[in-house]
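Colleague: Got protein.cif for you, mmCIF, C-alpha atoms:
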```cif
data_final
#
loop_
_atom_site.group_PDB
_atom_site.id
_atom_site.type_symbol
_atom_site.label_atom_id
_atom_site.label_comp_id
_atom_site.auth_asym_id
_atom_site.auth_seq_id
_atom_site.Cartn_x
_atom_site.Cartn_y
_atom_site.Cartn_z
ATOM 1 C CA MET N 22 -15.269 -101.553 -32.862
ATOM 2 C CA ILE N 23 -16.145 -101.046 -29.189
ATOM 3 C CA VAL N 24 -19.519 -99.562 -28.226
ATOM 4 C CA VAL N 25 -19.383 -97.693 -24.921
ATOM 5 C CA VAL N 26 -22.928 -97.387 -23.578
ATOM 6 C CA ASP N 27 -24.053 -94.678 -21.163
ATOM 7 C CA PHE N 28 -25.731 -97.176 -18.831
ATOM 8 C CA ASN N 29 -28.079 -94.838 -16.959
ATOM 9 C CA ASN N 30 -29.120 -93.130 -20.170
ATOM 10 C CA ILE N 31 -30.451 -96.284 -21.829
ATOM 11 C CA VAL N 32 -31.782 -97.835 -18.593
ATOM 12 C CA TYR N 33 -33.945 -94.799 -17.852
ATOM 13 C CA ALA N 34 -35.095 -94.645 -21.490
ATOM 14 C CA ALA N 35 -36.198 -98.294 -21.291
ATOM 15 C CA PHE N 36 -37.874 -97.718 -17.928
ATOM 16 C CA HIS N 37 -39.964 -94.766 -19.116
ATOM 17 C CA ARG N 38 -40.776 -96.581 -22.367
ATOM 18 C CA SER N 39 -42.042 -99.568 -20.368
ATOM 19 C CA LEU N 40 -44.367 -97.365 -18.325
ATOM 20 C CA GLY N 41 -45.915 -95.977 -21.500
ATOM 21 C CA ILE N 42 -46.199 -99.321 -23.277
ATOM 22 C CA ASN N 43 -47.798 -100.955 -20.262
ATOM 23 C CA ASN N 44 -50.012 -97.902 -19.613
ATOM 24 C CA ILE N 45 -48.661 -97.469 -16.098
ATOM 25 C CA LYS N 46 -49.517 -93.954 -14.944
ATOM 26 C CA ASP N 47 -49.309 -94.564 -11.219
ATOM 27 C CA MET N 48 -46.184 -96.221 -9.844
ATOM 28 C CA THR N 49 -48.200 -97.640 -6.967
ATOM 29 C CA GLN N 50 -49.447 -100.105 -9.599
ATOM 30 C CA VAL N 51 -46.080 -101.859 -9.466
ATOM 31 C CA GLY N 52 -43.931 -103.072 -6.625
ATOM 32 C CA HIS N 53 -40.506 -101.945 -5.540
ATOM 33 C CA PHE N 54 -38.979 -104.707 -7.671
ATOM 34 C CA TYR N 55 -40.763 -103.820 -10.909
ATOM 35 C CA SER N 56 -38.877 -105.259 -13.884
ATOM 36 C CA GLY N 57 -41.152 -104.574 -16.847
ATOM 37 C CA HIS N 58 -38.347 -102.575 -18.452
ATOM 38 C CA VAL N 59 -35.786 -105.405 -18.606
ATOM 39 C CA ASP N 60 -36.870 -106.967 -21.905
ATOM 40 C CA ILE N 61 -37.384 -103.500 -23.379
ATOM 41 C CA PHE N 62 -33.821 -102.600 -22.376
ATOM 42 C CA ARG N 63 -32.559 -105.777 -24.065
ATOM 43 C CA GLN N 64 -34.548 -105.113 -27.233
ATOM 44 C CA MET N 65 -33.556 -101.453 -27.454
ATOM 45 C CA LEU N 66 -29.884 -102.251 -26.965
ATOM 46 C CA HIS N 67 -29.990 -105.072 -29.519
ATOM 47 C CA ARG N 68 -31.661 -102.824 -32.091
ATOM 48 C CA HIS N 69 -29.156 -100.011 -31.614
ATOM 49 C CA LEU N 70 -26.163 -102.355 -31.754
ATOM 50 C CA GLN N 71 -27.524 -103.745 -35.026
ATOM 51 C CA LEU N 72 -27.735 -100.222 -36.445
ATOM 52 C CA ILE N 73 -24.201 -99.438 -35.269
ATOM 53 C CA GLY N 74 -22.866 -102.729 -36.563
ATOM 54 C CA SER N 75 -21.125 -104.013 -33.453
ATOM 55 C CA SER N 76 -21.879 -106.312 -30.524
ATOM 56 C CA ARG N 77 -18.891 -105.478 -28.307
ATOM 57 C CA VAL N 78 -20.345 -103.608 -25.349
ATOM 58 C CA VAL N 79 -18.819 -101.676 -22.481
ATOM 59 C CA PHE N 80 -21.225 -100.146 -19.936
ATOM 60 C CA ALA N 81 -20.215 -96.843 -18.344
ATOM 61 C CA LEU N 82 -21.711 -96.422 -14.877
ATOM 62 C CA ASP N 83 -22.473 -93.307 -12.866
ATOM 63 C CA SER N 84 -20.964 -92.591 -9.482
ATOM 64 C CA LYS N 85 -22.139 -89.858 -7.121
ATOM 65 C CA PRO N 86 -20.700 -86.763 -8.869
ATOM 66 C CA LYS N 87 -18.610 -85.506 -5.953
ATOM 67 C CA HIS N 88 -16.389 -83.642 -8.397
ATOM 68 C CA LYS N 89 -19.252 -81.548 -9.773
ATOM 69 C CA LEU N 90 -21.079 -81.211 -6.460
ATOM 70 C CA GLY N 91 -17.883 -79.755 -5.041
ATOM 71 C CA LEU N 92 -18.009 -77.089 -7.737
ATOM 72 C CA TYR N 93 -21.752 -76.490 -7.459
ATOM 73 C CA PRO N 94 -23.767 -78.141 -4.651
ATOM 74 C CA GLU N 95 -27.052 -77.530 -6.513
ATOM 75 C CA TYR N 96 -25.951 -79.586 -9.523
ATOM 76 C CA LYS N 97 -29.005 -81.588 -10.755
ATOM 77 C CA ALA N 98 -30.881 -80.651 -7.561
ATOM 78 C CA ASN N 99 -33.957 -79.868 -9.673
ATOM 79 C CA ARG N 100 -34.516 -83.529 -10.603
ATOM 80 C CA ASP N 101 -37.164 -85.496 -8.759
ATOM 81 C CA PRO N 102 -36.083 -89.011 -7.756
ATOM 82 C CA LEU N 103 -37.867 -91.927 -9.387
ATOM 83 C CA PRO N 104 -40.261 -93.833 -7.123
ATOM 84 C CA ILE N 105 -38.264 -97.008 -7.778
ATOM 85 C CA ASN N 106 -34.717 -97.712 -8.880
ATOM 86 C CA PRO N 107 -34.770 -99.307 -12.376
ATOM 87 C CA LYS N 108 -31.085 -100.326 -12.344
ATOM 88 C CA PRO N 109 -31.003 -103.431 -10.083
ATOM 89 C CA ALA N 110 -33.186 -105.493 -12.417
ATOM 90 C CA ILE N 111 -30.964 -104.548 -15.374
ATOM 91 C CA GLY N 112 -27.836 -105.375 -13.388
ATOM 92 C CA ARG N 113 -29.100 -108.885 -12.754
ATOM 93 C CA GLU N 114 -29.948 -109.205 -16.458
ATOM 94 C CA VAL N 115 -26.503 -108.275 -17.792
ATOM 95 C CA GLU N 116 -24.117 -109.645 -15.152
ATOM 96 C CA ASN N 117 -23.559 -112.814 -17.202
ATOM 97 C CA TRP N 118 -23.033 -110.979 -20.483
ATOM 98 C CA SER N 119 -19.589 -110.667 -22.011
ATOM 99 C CA GLY N 120 -18.028 -107.225 -21.934
ATOM 100 C CA GLU N 121 -16.782 -104.751 -19.359
ATOM 101 C CA VAL N 122 -17.987 -101.988 -17.076
ATOM 102 C CA LEU N 123 -16.404 -98.573 -16.537
ATOM 103 C CA TYR N 124 -16.564 -96.731 -13.230
ATOM 104 C CA ALA N 125 -14.857 -93.591 -11.923
ATOM 105 C CA ASP N 126 -15.424 -92.998 -8.208
ATOM 106 C CA GLY N 127 -16.710 -89.462 -7.646
ATOM 107 C CA TYR N 128 -17.481 -88.880 -11.319
ATOM 108 C CA GLU N 129 -20.389 -89.424 -13.682
ATOM 109 C CA ALA N 130 -20.428 -91.824 -16.617
ATOM 110 C CA ASP N 131 -19.607 -88.868 -18.904
ATOM 111 C CA ASP N 132 -16.155 -88.572 -17.367
ATOM 112 C CA ALA N 133 -15.616 -92.338 -17.230
ATOM 113 C CA ILE N 134 -16.371 -92.479 -20.969
ATOM 114 C CA ALA N 135 -14.062 -89.538 -21.665
ATOM 115 C CA ALA N 136 -11.244 -91.215 -19.729
ATOM 116 C CA TYR N 137 -11.786 -94.472 -21.622
ATOM 117 C CA VAL N 138 -11.763 -92.646 -24.960
ATOM 118 C CA ALA N 139 -8.533 -90.854 -24.052
ATOM 119 C CA ARG N 140 -6.870 -94.179 -23.231
ATOM 120 C CA HIS N 141 -8.177 -96.426 -26.011
ATOM 121 C CA ALA N 142 -9.326 -94.417 -29.055
ATOM 122 C CA THR N 143 -5.903 -94.739 -30.663
ATOM 123 C CA GLU N 144 -6.088 -98.543 -30.406
ATOM 124 C CA GLU N 145 -9.414 -99.183 -32.162
ATOM 125 C CA PRO N 146 -12.604 -97.305 -33.144
ATOM 126 C CA ILE N 147 -14.992 -96.390 -30.331
ATOM 127 C CA THR N 148 -18.668 -95.514 -30.657
ATOM 128 C CA VAL N 149 -20.332 -93.906 -27.646
ATOM 129 C CA MET N 150 -24.043 -94.673 -27.304
ATOM 130 C CA THR N 151 -25.878 -91.903 -25.482
ATOM 131 C CA SER N 152 -28.570 -89.272 -25.889
ATOM 132 C CA ASP N 153 -26.572 -86.881 -23.675
ATOM 133 C CA LYS N 154 -25.348 -84.009 -25.848
ATOM 134 C CA ASP N 155 -22.531 -83.237 -23.402
ATOM 135 C CA MET N 156 -20.816 -86.366 -24.694
ATOM 136 C CA TRP N 157 -20.561 -84.899 -28.177
ATOM 137 C CA GLN N 158 -17.334 -83.257 -26.964
ATOM 138 C CA VAL N 159 -15.506 -86.587 -27.426
ATOM 139 C CA LEU N 160 -15.972 -86.154 -31.180
ATOM 140 C CA ASP N 161 -12.885 -83.954 -31.042
ATOM 141 C CA HIS N 162 -10.938 -87.216 -30.817
ATOM 142 C CA GLU N 163 -10.023 -89.198 -33.902
ATOM 143 C CA ASN N 164 -11.443 -92.713 -34.200
ATOM 144 C CA VAL N 165 -14.508 -91.775 -32.072
ATOM 145 C CA SER N 166 -18.170 -91.487 -33.054
ATOM 146 C CA VAL N 167 -21.321 -90.850 -31.016
ATOM 147 C CA TYR N 168 -24.531 -92.726 -31.711
ATOM 148 C CA SER N 169 -27.756 -91.090 -30.516
ATOM 149 C CA PRO N 170 -30.445 -93.643 -29.547
ATOM 150 C CA HIS N 171 -33.024 -90.884 -29.829
ATOM 151 C CA LYS N 172 -32.009 -89.968 -33.384
ATOM 152 C CA GLN N 173 -31.005 -93.549 -34.279
ATOM 153 C CA LYS N 174 -27.966 -92.206 -36.136
ATOM 154 C CA LEU N 175 -24.409 -91.053 -35.670
ATOM 155 C CA VAL N 176 -24.110 -87.448 -34.548
ATOM 156 C CA ASP N 177 -22.655 -85.004 -37.077
ATOM 157 C CA LYS N 178 -21.996 -81.269 -37.298
ATOM 158 C CA THR N 179 -25.499 -80.582 -38.568
ATOM 159 C CA ASP N 180 -26.791 -81.953 -35.257
ATOM 160 C CA LEU N 181 -24.215 -79.814 -33.437
ATOM 161 C CA ALA N 182 -25.335 -76.614 -35.137
ATOM 162 C CA THR N 183 -28.998 -77.378 -34.447
ATOM 163 C CA ALA N 184 -28.466 -78.171 -30.766
ATOM 164 C CA PHE N 185 -25.894 -75.501 -29.877
ATOM 165 C CA HIS N 186 -26.736 -72.150 -31.457
ATOM 166 C CA ASN N 187 -25.167 -72.895 -34.848
ATOM 167 C CA ILE N 188 -21.626 -73.489 -33.566
ATOM 168 C CA SER N 189 -19.397 -75.478 -35.897
ATOM 169 C CA GLU N 190 -16.848 -77.221 -33.642
ATOM 170 C CA PHE N 191 -17.475 -79.810 -30.934
ATOM 171 C CA SER N 192 -14.778 -78.154 -28.817
ATOM 172 C CA HIS N 193 -17.079 -75.123 -28.445
ATOM 173 C CA ILE N 194 -19.843 -76.994 -26.608
ATOM 174 C CA LYS N 195 -18.486 -76.227 -23.148
ATOM 175 C CA LEU N 196 -18.321 -72.502 -23.941
ATOM 176 C CA VAL N 197 -21.970 -72.491 -24.975
ATOM 177 C CA LYS N 198 -22.928 -74.238 -21.750
ATOM 178 C CA ALA N 199 -20.701 -71.930 -19.713
ATOM 179 C CA LEU N 200 -22.615 -68.906 -20.994
ATOM 180 C CA TRP N 201 -26.168 -70.217 -21.303
ATOM 181 C CA GLY N 202 -26.182 -73.026 -18.742
ATOM 182 C CA ASP N 203 -28.285 -76.171 -18.865
ATOM 183 C CA SER N 204 -31.685 -76.178 -17.200
ATOM 184 C CA THR N 205 -31.854 -79.999 -17.159
ATOM 185 C CA ASP N 206 -28.775 -80.051 -14.896
ATOM 186 C CA ASN N 207 -29.865 -76.986 -12.901
ATOM 187 C CA ILE N 208 -26.957 -74.961 -14.328
ATOM 188 C CA LYS N 209 -27.797 -71.277 -14.460
ATOM 189 C CA ASN N 210 -27.917 -69.052 -17.532
ATOM 190 C CA ALA N 211 -25.210 -66.379 -17.171
ATOM 191 C CA VAL N 212 -26.052 -64.172 -20.163
ATOM 192 C CA PRO N 213 -29.783 -64.216 -21.015
ATOM 193 C CA ARG N 214 -30.159 -64.185 -24.796
ATOM 194 C CA MET N 215 -27.127 -62.440 -26.402
ATOM 195 C CA GLN N 216 -26.414 -65.461 -28.608
ATOM 196 C CA ARG N 217 -26.188 -63.442 -31.809
ATOM 197 C CA TYR N 218 -23.415 -61.326 -30.275
ATOM 198 C CA LEU N 219 -21.432 -64.004 -28.464
ATOM 199 C CA VAL N 220 -21.677 -67.052 -30.759
ATOM 200 C CA PRO N 221 -19.508 -65.375 -33.454
ATOM 201 C CA ILE N 222 -16.859 -64.796 -30.777
ATOM 202 C CA ILE N 223 -17.093 -68.415 -29.609
ATOM 203 C CA LYS N 224 -16.529 -69.571 -33.193
ATOM 204 C CA GLU N 225 -13.236 -67.633 -33.294
ATOM 205 C CA THR N 226 -11.864 -69.262 -30.126
ATOM 206 C CA ASP N 227 -9.925 -72.460 -29.628
ATOM 207 C CA GLY N 228 -12.725 -73.678 -27.356
ATOM 208 C CA THR N 229 -11.135 -72.589 -24.079
ATOM 209 C CA LEU N 230 -12.623 -70.031 -21.721
ATOM 210 C CA ALA N 231 -9.265 -68.290 -21.474
ATOM 211 C CA ASP N 232 -9.296 -67.596 -25.218
ATOM 212 C CA PHE N 233 -12.896 -66.393 -25.008
ATOM 213 C CA TRP N 234 -12.002 -63.912 -22.234
ATOM 214 C CA ASP N 235 -9.002 -62.764 -24.246
ATOM 215 C CA LYS N 236 -11.127 -61.994 -27.275
ATOM 216 C CA VAL N 237 -13.763 -60.189 -25.186
ATOM 217 C CA PHE N 238 -11.600 -58.127 -22.835
ATOM 218 C CA VAL N 239 -8.156 -57.950 -24.472
ATOM 219 C CA SER N 240 -8.680 -58.033 -28.229
ATOM 220 C CA GLY N 241 -11.331 -55.344 -28.086
ATOM 221 C CA VAL N 242 -14.316 -57.108 -29.639
ATOM 222 C CA LYS N 243 -17.219 -54.660 -29.788
ATOM 223 C CA LEU N 244 -20.084 -55.641 -27.520
ATOM 224 C CA SER N 245 -22.956 -53.684 -26.025
ATOM 225 C CA GLU N 246 -22.647 -52.384 -22.477
ATOM 226 C CA LYS N 247 -25.493 -54.693 -21.468
ATOM 227 C CA CYS N 248 -23.687 -57.759 -22.824
ATOM 228 C CA LEU N 249 -20.387 -56.760 -21.230
ATOM 229 C CA GLY N 250 -22.243 -56.117 -17.995
ATOM 230 C CA TYR N 251 -23.570 -59.679 -17.921
ATOM 231 C CA LEU N 252 -20.111 -61.101 -18.620
ATOM 232 C CA LYS N 253 -18.436 -59.037 -15.895
ATOM 233 C CA GLN N 254 -21.177 -59.482 -13.318
ATOM 234 C CA ASN N 255 -21.429 -63.239 -13.849
ATOM 235 C CA ASN N 256 -17.746 -63.965 -14.341
ATOM 236 C CA GLU N 257 -17.565 -66.491 -11.481
ATOM 237 C CA LEU N 258 -20.757 -68.229 -12.611
ATOM 238 C CA ILE N 259 -19.365 -68.595 -16.133
ATOM 239 C CA GLU N 260 -16.108 -70.004 -14.762
ATOM 240 C CA THR N 261 -18.033 -72.567 -12.686
ATOM 241 C CA ASN N 262 -20.353 -73.479 -15.573
ATOM 242 C CA TYR N 263 -17.330 -74.029 -17.802
ATOM 243 C CA LYS N 264 -15.803 -76.460 -15.305
ATOM 244 C CA LEU N 265 -19.130 -78.298 -14.955
ATOM 245 C CA ALA N 266 -19.414 -78.637 -18.738
ATOM 246 C CA SER N 267 -15.837 -79.854 -19.234
ATOM 247 C CA LEU N 268 -15.225 -83.596 -19.430
ATOM 248 C CA VAL N 269 -12.552 -84.952 -17.072
ATOM 249 C CA TYR N 270 -10.316 -87.066 -19.285
ATOM 250 C CA ASN N 271 -7.879 -87.925 -16.484
ATOM 251 C CA CYS N 272 -10.342 -89.132 -13.828
ATOM 252 C CA PRO N 273 -9.388 -92.385 -12.001
ATOM 253 C CA LEU N 274 -10.947 -95.085 -14.152
ATOM 254 C CA GLU N 275 -11.803 -98.639 -13.116
ATOM 255 C CA VAL N 276 -12.397 -101.219 -15.865
ATOM 256 C CA SER N 277 -13.945 -104.492 -14.675
ATOM 257 C CA PRO N 278 -15.577 -107.594 -16.176
ATOM 258 C CA MET N 279 -19.335 -107.375 -16.701
ATOM 259 C CA SER N 280 -19.779 -109.940 -13.923
ATOM 260 C CA ASN N 281 -18.828 -107.220 -11.426
ATOM 261 C CA ILE N 282 -21.554 -104.777 -12.455
ATOM 262 C CA ASN N 283 -23.710 -105.419 -9.400
ATOM 263 C CA ASN N 284 -20.795 -104.636 -7.097
ATOM 264 C CA TYR N 285 -20.970 -101.094 -8.457
ATOM 265 C CA LEU N 286 -24.753 -100.925 -8.529
ATOM 266 C CA GLY N 287 -24.990 -102.296 -4.995
ATOM 267 C CA THR N 288 -27.456 -105.007 -6.012
ATOM 268 C CA GLN N 289 -25.602 -108.247 -5.352
ATOM 269 C CA THR N 290 -28.551 -109.824 -3.459
ATOM 270 C CA PRO N 291 -31.504 -110.798 -5.693
ATOM 271 C CA PRO N 292 -34.907 -109.621 -4.460
ATOM 272 C CA GLN N 293 -37.328 -112.138 -3.004
ATOM 273 C CA LYS N 294 -40.043 -111.143 -5.430
ATOM 274 C CA GLU N 295 -40.230 -109.397 -8.789
ATOM 275 C CA ILE N 296 -43.326 -108.023 -10.462
ATOM 276 C CA LEU N 297 -43.067 -108.671 -14.173
ATOM 277 C CA VAL N 298 -44.927 -106.805 -16.879
ATOM 278 C CA SER N 299 -44.734 -108.402 -20.311
ATOM 279 C CA PRO N 300 -43.293 -106.203 -23.082
ATOM 280 C CA PRO N 301 -44.319 -106.410 -26.740
ATOM 281 C CA GLU N 302 -42.455 -108.720 -29.087
ATOM 282 C CA PHE N 303 -39.031 -107.684 -30.356
ATOM 283 C CA GLY N 304 -39.282 -105.362 -33.317
ATOM 284 C CA HIS N 305 -42.062 -103.243 -31.868
ATOM 285 C CA VAL N 306 -39.855 -101.328 -29.474
ATOM 286 C CA THR N 307 -37.429 -98.643 -30.540
ATOM 287 C CA GLY N 308 -35.378 -96.241 -28.472
#
```
As a first step, turn the structure in this file into structure tokens.

Modeller:
Amino acid sequence: MIVVVDFNNIVYAAFHRSLGINNIKDMTQVGHFYSGHVDIFRQMLHRHLQLIGSSRVVFALDSKPKHKLGLYPEYKANRDPLPINPKPAIGREVENWSGEVLYADGYEADDAIAAYVARHATEEPITVMTSDKDMWQVLDHENVSVYSPHKQKLVDKTDLATAFHNISEFSHIKLVKALWGDSTDNIKNAVPRMQRYLVPIIKETDGTLADFWDKVFVSGVKLSEKCLGYLKQNNELIETNYKLASLVYNCPLEVSPMSNINNYLGTQTPPQKEILVSPPEFGHVTG
């Protein structure tokens, strides 16, 4: 079994965990080359791989999301940048590991993972390691599972119903996000509330926006004037949200040896100085 790891997702989790463990509340306490999260990253990853039952790792890297920014220039514009970049120290840690890295120029790791799943899931089982619920869409593919580091378990349909307004199919995730947006990604809500009216319609669709529109405007589903008003008024927003929420399975994918990871991260040159903060012993850190 191959474990495809959302690299940024686990790096940032380790970084924030290290700040808490080391009681760092002010980033001026550490230098630009802070690496207190490196051992925590290693321990978290080791623990999760043990729980999954595999040691074969592929890291999926983010690129600047030109594809999504072209659709919506304000995509993720609400996120404040970190005072330091936690990825270079991790890149230097893993460059001698066995395994591969995935990269899709102009696309996020989500799409790189989706493209990898589309190409390889028929060959052998793939487990995607990420806390990003958008990635649950790949569970529509056979031979694919998603492991949540936050939950420390494989994602199932109970998790889906809890996270996405009681929907029952992973193919419906992008419709939910098209209608109600995603504040963490700065994607706007197109139909405030209205879940109890629209979720039953979503459940009857094949997961595509075209089928949703057909059921709303062609098949004559009864909706209040207020609900219909939101759908008509925000039609373009819903279309854009749907595209933002959809994984790009055919994006141009590069698969390279792990030794090339720093070529993608842009951190080939080691820093002159690193400030190290000692983590606790293995076994006391979970992700």

Colleague: Tell me which of N:Ile23, N:Ala184, N:Ser56, N:Lys178 sits closest to N:Glu144, counting all atoms listed in the file.

Modeller: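 Nearest to N:Glu144: N:Ile23.
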
Colleague: List every protein, DNA or RNA residue with an atom no more than 12 Å from (-18.4, -93.3, -10.6) in the file's coordinates, counting all atoms listed in the file, and format the result as a PyMOL selection string.

Modeller: chain N and resi 28-29+80-89+122-134+136+272-276+285-286

Colleague: Quick check on the file I pasted: which residues fall under the PyMOL selection byres ((chain N and resi 198) around 9)? Write them as a PyMOL selection string.

Modeller: chain N and resi 185+193-197+199-203+208+210+259+262-263+265-266

Colleague: Got a sec: who's within 8 Å of N:Ser75, counting only C-alpha atoms, leaving out chain neighbours fewer than 2 positions off, as an NGL selection string?

Modeller: :N and (22-24 or 70-71 or 73 or 77)

Colleague: May I ask for the distance between atom CA of N:Ala35 and atom CA of N:Asp101, given in Å to one decimal place?

Modeller: 17.9 Å

Colleague: I'd like the contact shell of N:Leu181 - 9 Å cut-off, only C-alpha atoms, skipping same-chain residues fewer than 5 positions apart - returned as a PyMOL selection string.

Modeller: chain N and resi 154+157+176+186-191+194

Colleague: Can you tell me how far atom CA of N:Ser267 sits from atom CA of N:Asn106, in Å to one decimal?

Modeller: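 Distance between the two atoms: 28.0 Å.
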
Colleague: Go ahead and compute the interatomic distance for atom CA of N:His141 and atom CA of N:Phe62, in Å to one decimal.

Modeller: 26.6 Å

Colleague: I'd like to know which of N:Met215, N:Val167, N:Leu268, N:Val115 is closest to N:Met150, using only C-alpha atoms.

Modeller: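 Of N:Met215, N:Val167, N:Leu268, N:Val115, the one nearest N:Met150, counting only C-alpha atoms, is N:Val167.
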
Colleague: Within 10 Å of N:Ala98, counting only C-alpha atoms, which residues show up once you throw out same-chain ones fewer than 5 positions away? Write them as a list in words, please.

Modeller: Leu90, Thr205, Asp206, Asn207 and Ile208 of chain N

Colleague: List the neighbours of N:Ser39 out to 7 Å using only C-alpha atoms; skip same-chain residues closer than 3 positions along the sequence, and give me the result as a PyMOL selection string.

Modeller: chain N and resi 35-36+42-43+57-58+61

Colleague: Restrict the selected residues to C-alpha atoms and save them as a compact mmCIF listing (two decimals), in the coordinates of the input.

Modeller:
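again-v1.txt, freshly written:
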```txt
# COMPACT_ATOMS: atom_id res chain seq x y z
CA ALA N 35 -36.20 -98.29 -21.29
CA PHE N 36 -37.87 -97.72 -17.93
CA ILE N 42 -46.20 -99.32 -23.28
CA ASN N 43 -47.80 -100.96 -20.26
CA GLY N 57 -41.15 -104.57 -16.85
CA HIS N 58 -38.35 -102.58 -18.45
CA ILE N 61 -37.38 -103.50 -23.38
```

Colleague: The PyMOL selection byres ((chain N and resi 163) around 12) - which residues does that actually catch in the file I just gave you? List them as number ranges by chain.

Modeller: N: 138-139, 141-148, 158-162, 164-167

Colleague: If you take every atom of stretch 187-199 of chain N that the file lists and fit an axis-aligned box around them with 4 Å extra on each side, what centre and edge lengths come out in Å to one decimal, as JSON?

Modeller:
```
{"center_x": -20.0, "center_y": -75.9, "center_z": -27.8, "size_x": 18.4, "size_y": 15.9, "size_z": 24.2}
```
